[in-house]
Every structure is written in C-alpha cells, then in structure tokens.
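Peer 1: Sharing target_19.txt (compact mmCIF, C-alpha atoms and all ligand atoms) below.
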```
# COMPACT_ATOMS: atom_id res chain seq x y z
CA MET A 1 -16.11 -18.44 19.44
CA ILE A 2 -14.38 -16.89 16.42
CA THR A 3 -11.97 -14.00 15.78
CA SER A 4 -12.93 -10.65 14.27
CA VAL A 5 -11.04 -11.60 11.11
CA GLU A 6 -13.13 -14.78 10.78
CA PHE A 7 -16.30 -12.76 11.39
CA GLU A 8 -15.30 -10.36 8.62
CA ARG A 9 -15.07 -13.36 6.25
CA LEU A 10 -18.44 -14.74 7.43
CA ALA A 11 -20.19 -11.43 6.72
CA ASP A 12 -18.58 -11.15 3.28
CA ILE A 13 -20.87 -12.13 0.39
CA HIS A 14 -17.79 -13.62 -1.29
CA GLY A 15 -16.87 -15.48 1.90
CA PRO A 16 -17.40 -19.15 2.82
CA THR A 17 -21.10 -18.76 3.77
CA GLY A 18 -22.03 -16.30 1.00
CA GLY A 19 -22.43 -13.57 3.62
CA LYS A 20 -24.69 -15.49 6.00
CA ILE A 21 -23.65 -15.22 9.64
CA LEU A 22 -23.73 -18.89 10.53
CA ARG A 23 -22.31 -20.35 13.72
CA PRO A 24 -19.38 -22.61 12.71
CA SER A 25 -20.17 -25.22 15.39
CA ASP A 26 -23.67 -26.16 14.13
CA GLY A 27 -24.53 -23.86 11.20
CA LYS A 28 -27.24 -22.00 13.18
CA GLU A 29 -27.98 -18.39 12.13
CA ALA A 30 -26.19 -16.23 14.69
CA LYS A 31 -28.40 -13.22 15.50
CA ASN A 32 -27.35 -12.46 19.06
CA ILE A 33 -23.65 -11.73 18.93
CA ALA A 34 -21.13 -10.78 21.63
CA PHE A 35 -18.04 -8.79 20.68
CA ILE A 36 -15.25 -9.02 23.23
CA GLN A 37 -12.79 -6.13 23.00
CA CYS A 38 -9.09 -6.16 23.88
CA ALA A 39 -8.92 -9.94 23.36
CA GLY A 40 -5.21 -10.32 24.03
CA SER A 41 -4.38 -6.61 23.66
CA ARG A 42 -3.53 -4.30 26.56
CA ASP A 43 -2.47 -7.34 28.51
CA GLU A 44 0.99 -7.80 30.04
CA ASN A 45 0.76 -11.53 29.28
CA HIS A 46 0.00 -11.15 25.57
CA LEU A 47 0.15 -7.90 23.55
CA ARG A 48 1.00 -4.92 25.76
CA HIS A 49 -0.15 -2.32 23.25
CA CYS A 50 -3.60 -1.09 22.23
CA SER A 51 -4.15 -2.39 18.70
CA ARG A 52 -6.11 0.78 17.82
CA ILE A 53 -8.29 -0.65 15.07
CA CYS A 54 -10.24 -3.37 16.91
CA CYS A 55 -12.76 -1.03 18.58
CA MET A 56 -13.61 0.48 15.21
CA ALA A 57 -13.70 -2.96 13.58
CA SER A 58 -16.24 -4.23 16.16
CA LEU A 59 -18.36 -1.07 15.90
CA LYS A 60 -18.41 -1.61 12.15
CA GLN A 61 -19.27 -5.29 12.56
CA THR A 62 -22.38 -4.46 14.64
CA HIS A 63 -23.64 -2.86 11.43
CA TYR A 64 -23.29 -6.17 9.62
CA VAL A 65 -25.51 -7.82 12.27
CA ARG A 66 -28.17 -5.14 11.95
CA GLU A 67 -28.02 -5.20 8.14
CA LYS A 68 -28.39 -9.00 8.00
CA TYR A 69 -31.10 -9.17 10.69
CA PRO A 70 -32.89 -5.78 10.82
CA GLU A 71 -35.77 -7.21 12.91
CA ASP A 72 -34.04 -9.26 15.58
CA GLY A 73 -30.26 -8.83 15.22
CA LYS A 74 -28.56 -7.96 18.50
CA SER A 75 -24.97 -7.03 19.31
CA THR A 76 -23.37 -6.73 22.73
CA ILE A 77 -19.94 -5.13 23.06
CA TYR A 78 -17.95 -6.04 26.17
CA TYR A 79 -15.24 -3.43 26.56
CA ILE A 80 -12.71 -1.81 28.91
CA ASP A 81 -12.99 1.53 27.13
CA ILE A 82 -13.85 2.25 23.52
CA ARG A 83 -11.06 3.87 21.54
CA ALA A 84 -12.58 5.38 18.43
CA ILE A 85 -9.69 7.29 17.01
CA ASP A 86 -9.96 10.79 15.52
CA ARG A 87 -12.89 11.47 13.25
CA PHE A 88 -14.50 8.13 14.04
CA GLU A 89 -15.96 9.46 17.30
CA ASP A 90 -19.08 10.35 15.29
CA PHE A 91 -19.39 6.79 14.11
CA TYR A 92 -19.11 5.56 17.70
CA GLN A 93 -21.92 7.88 18.75
CA LYS A 94 -24.05 6.60 15.88
CA VAL A 95 -23.58 2.99 16.97
CA GLN A 96 -24.27 3.96 20.61
CA SER A 97 -27.65 5.33 19.58
CA ASP A 98 -28.57 2.07 17.80
CA PRO A 99 -31.06 0.19 20.04
CA SER A 100 -29.85 -3.17 18.71
CA VAL A 101 -26.38 -2.57 20.20
CA SER A 102 -25.59 -2.80 23.95
CA PHE A 103 -22.34 -1.81 25.62
CA ILE A 104 -21.20 -3.63 28.78
CA LYS A 105 -18.15 -2.18 30.52
CA SER A 106 -16.46 -5.35 31.62
CA LYS A 107 -13.68 -7.82 30.96
CA VAL A 108 -15.43 -11.14 30.39
CA ALA A 109 -14.06 -13.51 33.03
CA LYS A 110 -15.24 -16.81 31.59
CA ILE A 111 -17.15 -18.23 28.61
CA THR A 112 -19.07 -21.50 28.99
CA GLU A 113 -21.42 -23.40 26.68
CA ASP A 114 -25.08 -24.07 27.53
CA GLU A 115 -27.25 -27.03 26.49
CA HIS A 116 -28.29 -25.25 23.25
CA GLY A 117 -24.69 -24.76 22.10
CA ASN A 118 -24.78 -21.05 23.01
CA ALA A 119 -21.73 -19.28 24.40
CA VAL A 120 -22.46 -17.88 27.87
CA CYS A 121 -20.40 -14.85 28.94
CA HIS A 122 -19.79 -14.48 32.67
CA GLY A 123 -18.44 -11.41 34.43
CA VAL A 124 -19.19 -8.23 36.30
CA ASN A 125 -20.48 -5.04 34.72
CA THR A 126 -18.25 -2.44 36.33
CA GLU A 127 -20.90 0.25 35.81
CA GLY A 128 -23.14 -0.75 38.70
CA TYR A 129 -21.11 -3.84 39.68
CA LYS A 130 -23.79 -6.26 38.53
CA ARG A 131 -22.87 -9.85 37.79
CA TYR A 132 -24.00 -11.19 34.44
CA MET A 133 -24.29 -14.63 32.86
CA THR A 134 -25.50 -13.90 29.34
CA PRO A 135 -26.00 -16.43 26.52
CA HIS A 136 -25.10 -15.44 22.95
CA ASP A 137 -25.39 -17.32 19.64
CA LEU A 138 -21.80 -16.44 18.83
CA VAL A 139 -18.82 -14.73 20.48
CA VAL A 140 -16.42 -12.67 18.35
CA LEU A 141 -13.00 -11.93 19.83
CA ALA A 142 -11.62 -8.54 18.79
CA VAL A 143 -8.07 -9.82 18.47
CA GLY A 144 -5.15 -7.40 18.33
CA MET A 145 -2.37 -6.75 15.86
CA GLU A 146 1.10 -8.16 16.27
CA PRO A 147 3.97 -7.17 13.95
CA SER A 148 4.97 -10.09 11.76
CA VAL A 149 8.53 -8.71 11.53
CA LYS A 150 9.23 -10.68 14.70
CA GLY A 151 9.62 -13.90 12.74
CA ILE A 152 11.60 -12.44 9.85
CA ASN A 153 15.36 -12.58 9.66
CA ILE A 154 16.28 -8.96 8.81
CA PRO A 155 20.04 -8.46 8.48
CA GLY A 156 21.58 -6.31 11.23
CA HIS A 157 20.04 -5.10 14.47
CA ILE A 158 16.68 -3.40 13.97
CA VAL A 159 15.45 -0.94 16.58
CA ALA A 160 11.89 -1.85 17.44
CA ASP A 161 9.58 -0.68 20.22
CA SER A 162 8.59 -2.90 23.14
CA SER A 163 5.81 -4.48 21.04
CA GLY A 164 8.13 -5.30 18.12
CA PHE A 165 7.02 -2.54 15.70
CA ILE A 166 9.92 -1.04 13.70
CA GLU A 167 10.90 2.39 15.04
CA ALA A 168 11.72 5.36 12.81
CA ASP A 169 15.24 5.38 14.25
CA PRO A 170 18.38 6.58 12.39
CA ALA A 171 20.15 3.46 13.69
CA ASN A 172 17.93 1.42 11.35
CA GLY A 173 19.67 3.00 8.35
CA ALA A 174 17.67 2.30 5.21
CA VAL A 175 15.21 -0.13 6.79
CA PHE A 176 11.81 1.56 7.28
CA GLY A 177 8.68 0.14 8.83
CA ALA A 178 5.63 0.51 6.59
CA GLY A 179 1.96 0.01 7.50
CA CYS A 180 1.40 -2.42 10.30
CA ALA A 181 5.14 -3.20 10.55
CA SER A 182 5.45 0.28 12.08
CA ASN A 183 2.32 0.35 14.27
CA ALA A 184 -1.20 -0.98 14.62
CA LEU A 185 -2.92 1.16 11.99
CA ASP A 186 -6.13 1.39 9.99
CA VAL A 187 -6.01 1.28 6.18
CA ASN A 188 -5.70 5.08 5.76
CA ARG A 189 -2.82 5.34 8.17
CA ALA A 190 -1.17 2.18 6.84
CA VAL A 191 -1.18 3.72 3.36
CA GLN A 192 0.22 7.03 4.69
CA SER A 193 2.91 5.19 6.60
CA ALA A 194 3.85 3.04 3.59
CA THR A 195 4.02 6.14 1.36
CA ALA A 196 6.28 7.86 3.89
CA ALA A 197 8.52 4.77 4.07
CA ALA A 198 8.76 4.60 0.25
CA LEU A 199 9.62 8.34 0.05
CA ARG A 200 12.34 7.91 2.67
CA ALA A 201 13.74 4.95 0.74
CA ILE A 202 13.81 7.06 -2.46
CA GLN A 203 15.69 9.80 -0.56
CA VAL A 204 18.28 7.27 0.62
CA VAL A 205 18.76 5.90 -2.91
CA ASN A 206 19.13 9.43 -4.34
CA LYS A 207 21.61 10.39 -1.63
CA VAL A 208 23.75 7.31 -2.27
CA ALA A 209 23.55 7.80 -6.07
CA LYS A 210 24.67 11.46 -5.71
CA ALA A 211 27.55 10.47 -3.47
CA GLU A 212 28.71 7.87 -6.00
CA ALA A 213 28.37 10.20 -9.05
C1 LIG B 1 -11.45 -7.53 11.60
C2 LIG B 1 -10.76 -6.33 11.06
C3 LIG B 1 -11.51 -5.36 10.42
C4 LIG B 1 -10.89 -4.21 9.94
N1 LIG B 1 -11.66 -3.27 9.34
C5 LIG B 1 -11.08 -2.13 8.91
C6 LIG B 1 -11.86 -1.11 8.30
O1 LIG B 1 -13.07 -1.24 8.13
N2 LIG B 1 -11.22 0.01 7.90
C7 LIG B 1 -9.87 0.19 8.07
O2 LIG B 1 -9.34 1.24 7.70
N3 LIG B 1 -9.10 -0.76 8.62
C8 LIG B 1 -9.67 -1.93 9.05
N4 LIG B 1 -8.89 -2.89 9.61
C9 LIG B 1 -7.43 -2.68 9.68
C10 LIG B 1 -6.76 -3.07 8.35
O3 LIG B 1 -6.97 -4.45 8.12
C11 LIG B 1 -5.25 -2.76 8.41
O4 LIG B 1 -5.12 -1.40 8.67
C12 LIG B 1 -4.55 -3.05 7.12
O5 LIG B 1 -4.77 -4.36 6.70
C13 LIG B 1 -3.06 -2.80 7.30
O6 LIG B 1 -2.41 -3.00 6.07
P1 LIG B 1 -0.90 -3.50 5.98
O7 LIG B 1 -0.61 -3.55 4.52
O8 LIG B 1 -0.01 -2.67 6.86
O9 LIG B 1 -0.89 -4.95 6.65
P2 LIG B 1 -1.62 -6.27 6.15
O10 LIG B 1 -2.92 -5.98 5.49
O11 LIG B 1 -1.59 -7.20 7.31
O12 LIG B 1 -0.64 -6.80 5.00
C14 LIG B 1 0.60 -7.40 5.30
C15 LIG B 1 0.85 -8.45 4.24
O13 LIG B 1 2.18 -8.95 4.41
C16 LIG B 1 2.14 -10.35 4.28
N5 LIG B 1 3.29 -10.89 5.03
C17 LIG B 1 3.44 -10.95 6.36
N6 LIG B 1 4.62 -11.51 6.67
C18 LIG B 1 5.24 -11.79 5.51
C19 LIG B 1 6.50 -12.38 5.16
N7 LIG B 1 7.35 -12.76 6.07
N8 LIG B 1 6.79 -12.51 3.86
C20 LIG B 1 5.92 -12.09 2.90
N9 LIG B 1 4.71 -11.54 3.17
C21 LIG B 1 4.40 -11.39 4.45
C22 LIG B 1 0.79 -10.77 4.86
O14 LIG B 1 0.41 -12.02 4.37
C23 LIG B 1 -0.10 -9.65 4.35
O15 LIG B 1 -0.63 -9.92 3.07
C24 LIG B 1 -9.49 -4.04 10.10
C25 LIG B 1 -8.73 -5.03 10.72
C26 LIG B 1 -9.35 -6.15 11.22
C27 LIG B 1 -8.50 -7.19 11.92
S1 LIG B 2 -8.62 -0.60 19.88
FE1 LIG B 2 -10.15 -1.06 21.45
S2 LIG B 2 -10.32 -3.31 21.46
FE2 LIG B 2 -8.43 -2.79 20.39
S3 LIG B 2 -6.87 -2.92 21.97
FE3 LIG B 2 -7.48 -0.76 21.82
S4 LIG B 2 -9.11 -0.50 23.35
FE4 LIG B 2 -8.82 -2.73 23.02
```
If you took the structure in this file and wrote it as structure tokens, what would it be?
Ligand SMILES: Cc1cc2nc3c(=O)[nH]c(=O)nc-3n(C[C@H](O)[C@H](O)[C@H](O)COP(=O)(O)OP(=O)(O)OC[C@H]3O[C@@H](n4cnc5c(N)ncnc54)[C@H](O)[C@@H]3O)c2cc1C
Ligand code: SF4
Peer 2:
Amino acid sequence: MITSVEFERLADIHGPTGGKILRPSDGKEAKNIAFIQCAGSRDENHLRHCSRICCMASLKQTHYVREKYPEDGKSTIYYIDIRAIDRFEDFYQKVQSDPSVSFIKSKVAKITEDEHGNAVCHGVNTEGYKRYMTPHDLVVLAVGMEPSVKGINIPGHIVADSSGFIEADPANGAVFGAGCASNALDVNRAVQSATAAALRAIQVVNKVAKAEA
C-alpha cells in the first residue's frame, strides 16, 4: 500500500524505478492497481475537507497504468463520489469509457494480504449492495491535502478556516495565504492564488510607502 504521491514518483521515468511500476514489498510489476479515494479526507476523524485534487490525480494515474501496460493493465477506483472540478468533467468521462478502468462506489472497509503478497480490498459496493473481496497487486491511497501552516509559528493570530487554511480576512493584515496554504488547489489555481496574494502584498507595500512619503 502506497500513497498517491509515492505512486507519482514510481511512474516517473526520473523516479526511483526509472518509471517502472514495481510493488515496493517484493519488486513485482504491479499491473492490477486499486486506487482508494478520500483516504483520510472528508472524515471527521482526519481531514474534514474535500482535498479537491485527489480525484483528478487518481483519474490521471489510471492513464499511467494503461500507458505502461496497454495489454493487461487494470485500474479499479474505489470512491464515495468523483469530484472532477470544472472543465475536467470531460477527462472523467474519457476515463470512464476506458475498459481497463473500473469504478466501485464504496468505502473500502478493510485491506488484508493474501498468500501471494497481494492486497485484498474488502467492502460493499453500494450500487447493488454486493460484497467484494478483491485482490490487487498494489493499493494506492489518494491522500488529501493538509495546510502545512499549522506547524509554523506565524507572529500574531491568523484567521484560518476549520481545516487550517489561511482565510482572506482583513484581520490577517498583510499575511496572505498563497497556493495550498489558502486551500486544496490544483497547480493552475495554486498559481492564480499565489499571484493574487503577491498582488495584494504589493498593494499593502505601496499603501504604506505612500502614507510614509
Ligand atoms: C499525487 C498528486 C498528483 C497531482 N497531480 C496534479 C496534476 O496532474 N495537475 C495539477 O494541476 N495538480 C496536481 N496535483 C496538485 C499539485 O501538486 C498542487 O496543486 C501544487 O503542488 C500546489 O502548489 P503549492 O505551491 O501551493 O504547494 P506545494 O507544491 O506543496 O509547495 C509548497 C512548498 O512549501 C514547502 N514548505 C512547506 N512548509 C514549509 C516551511 N515551514 N518552510 C519552508 N518551506 C516549506 C514544501 O516543501 C513545498 O516545497 C497533484 C497532487 C498530488 C498529491
Ligand atoms: S477530491 Fe475526490 S478523493 Fe479527494 S477528497 Fe474530494 S472526493 Fe475525496
């Protein structure tokens, strides 16, 4: 069982396996892969928020499996609901029509290991209420995003939302959240958010400079 970030590294030709999807436990080629969505997100006990990018990241990662193993690669996505934001709905539909990708609407209840070292996912498919016990070569957890500002000692009291992301609140003065410090965002939105934060900072500097002139 690995995280989506580790899977991204495995699939990378500049990564530790030269782009081969090898199971870390025994080095076996992993061709039948389970992606488990909302691993820790949308959960009162862990991260309450939807991390917004992990559905898209897993949909993208099914492509890696098909590209590496066009003949016998297989992906199974276990999900509560798929959140493909904005224009990415088309991409979701494209992946849905790929016969090498299956979607199981279910929260996996338990993962065990069989005698071949495979990870066996247990649960109930809520579309039809069928129990499953399905072996996979590898399980990838679509882990969520948590703001790292939690551990940083920022002077003063910073207004953050219930998940710890910095709010755009006048009480924060000249401290602005940028990128994933302000929300769980994809690269495009992180760049937009960081640009907006930088522009606001420039406005503050100009305002102070004018006042002092
Ligand atoms: C598996 C996966 C696949 C993804 N695929 C895509 C994709 O295909 N397309 C897409 O648009 N988005 C994708 N994303 C989302 C994308 O990674 C983020 O949107 C993006 O990285 C956000 O950029 P950021 O600069 O806000 O945060 P980050 O990239 O997390 O950068 C924050 C940086 O701050 C550093 N840092 C943290 N704390 C401190 C500290 N205290 N002091 C100093 N430095 C610190 C960190 O080390 C890090 O380098 C994916 C995410 C995941 C997890
Ligand atoms: S983006 Fe998808 S996997 Fe991630 S928390 Fe939201 S619904 Fe769950």
Peer 1: Counting only C-alpha atoms and all ligand atoms, which residues in chain A sit no more than 12 Å from ligand LIG 2 (chain B)? For each one, give the nearest pair of atoms and the distance in Å, sorted by chain then residue number, as a tab-separated table.
Peer 2:
```
residue	atom	partner	partner_atom	distance
A:Ser4	CA	B:LIG2	S2	10.6
A:Phe35	CA	B:LIG2	S2	9.5
A:Ile36	CA	B:LIG2	S2	7.7
A:Gln37	CA	B:LIG2	S2	4.1
A:Cys38	CA	B:LIG2	FE4	3.5
A:Ala39	CA	B:LIG2	S2	7.0
A:Gly40	CA	B:LIG2	S3	7.9
A:Ser41	CA	B:LIG2	S3	4.8
A:Arg42	CA	B:LIG2	S3	5.8
A:Asp43	CA	B:LIG2	S3	9.0
A:His46	CA	B:LIG2	S3	11.3
A:Leu47	CA	B:LIG2	S3	8.8
A:Arg48	CA	B:LIG2	S3	9.0
A:His49	CA	B:LIG2	S3	6.9
A:Cys50	CA	B:LIG2	S3	3.8
A:Ser51	CA	B:LIG2	S3	4.3
A:Arg52	CA	B:LIG2	S1	3.5
A:Ile53	CA	B:LIG2	S1	4.8
A:Cys54	CA	B:LIG2	FE2	4.0
A:Cys55	CA	B:LIG2	FE1	3.9
A:Met56	CA	B:LIG2	S1	6.9
A:Ala57	CA	B:LIG2	S1	8.4
A:Ser58	CA	B:LIG2	S2	8.0
A:Leu59	CA	B:LIG2	FE1	9.9
A:Ile77	CA	B:LIG2	S2	9.9
A:Tyr78	CA	B:LIG2	S2	9.4
A:Tyr79	CA	B:LIG2	S2	7.1
A:Ile80	CA	B:LIG2	S4	6.8
A:Asp81	CA	B:LIG2	S4	5.8
A:Ile82	CA	B:LIG2	FE1	5.4
A:Arg83	CA	B:LIG2	FE1	5.0
A:Ala84	CA	B:LIG2	S1	7.3
A:Ile85	CA	B:LIG2	S1	8.5
A:Tyr92	CA	B:LIG2	FE1	11.8
A:Lys105	CA	B:LIG2	S4	11.7
A:Ser106	CA	B:LIG2	FE4	11.8
A:Lys107	CA	B:LIG2	FE4	10.6
A:Val140	CA	B:LIG2	S2	11.6
A:Leu141	CA	B:LIG2	S2	9.2
A:Ala142	CA	B:LIG2	S2	6.0
A:Val143	CA	B:LIG2	FE2	7.3
A:Gly144	CA	B:LIG2	FE2	6.0
A:Met145	CA	B:LIG2	S3	8.5
A:Glu146	CA	B:LIG2	S3	11.1
A:Ala184	CA	B:LIG2	S1	9.1
A:Leu185	CA	B:LIG2	S1	9.9
A:Asp186	CA	B:LIG2	S1	10.4
```
Peer 1: Do a neighbour search on Asp72 in chain A at 9 Å with only C-alpha atoms, toss out local chain neighbours closer than 6 positions, and write the hits as a list in words.
Peer 2: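 Listed by chain and then number, they are Lys31, Asn32, Arg66 and Ser100 of chain A.
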Peer 1: Rounded to one decimal, what separation in Å do you get between atom C14 of ligand LIG 1 (chain B) and CA of Gly173 in chain A?
Peer 2: 21.9 Å
Peer 1: Which residue, A:Ile104, A:Tyr64, A:Gly15, A:Tyr69, has the smallest gap to Arg131 in chain A when you use all atoms listed in the file?
Peer 2: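 That would be A:Ile104, the residue with the smallest distance to Arg131 in chain A.
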Peer 1: Neighbours of Gly177 in chain A within 9 Å (all atoms listed in the file; same-chain residues fewer than 4 positions away dropped), as a ChimeraX atom specification?
Peer 2: /A:165-168,181-183,193-194,197
Peer 1: Between A:Val149, A:Leu22, A:Ile2, A:Ala119, which is the closest to ligand LIG 1 (chain B) once you count all atoms listed in the file?
Peer 2: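 When distances to ligand LIG 1 (chain B) are compared using all atoms listed in the file, the smallest one comes from A:Val149.
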Peer 1: CA of Gly179 in chain A and atom O13 of ligand LIG 1 (chain B) are how many Å apart?
Peer 2: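 Between CA of Gly179 in chain A and atom O13 of ligand LIG 1 (chain B) the gap works out to 9.5 Å.
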Peer 1: Could the centre and edge lengths of an axis-aligned box, enclosing all atoms of ligand LIG 1 (chain B) in the file with 6 Å extra on each side, be given in Å to one decimal as lines of an AutoDock Vina configuration file?
Peer 2:
```
center_x = -2.9
center_y = -5.8
center_z = 7.4
size_x = 32.4
size_y = 26.0
size_z = 21.0
```
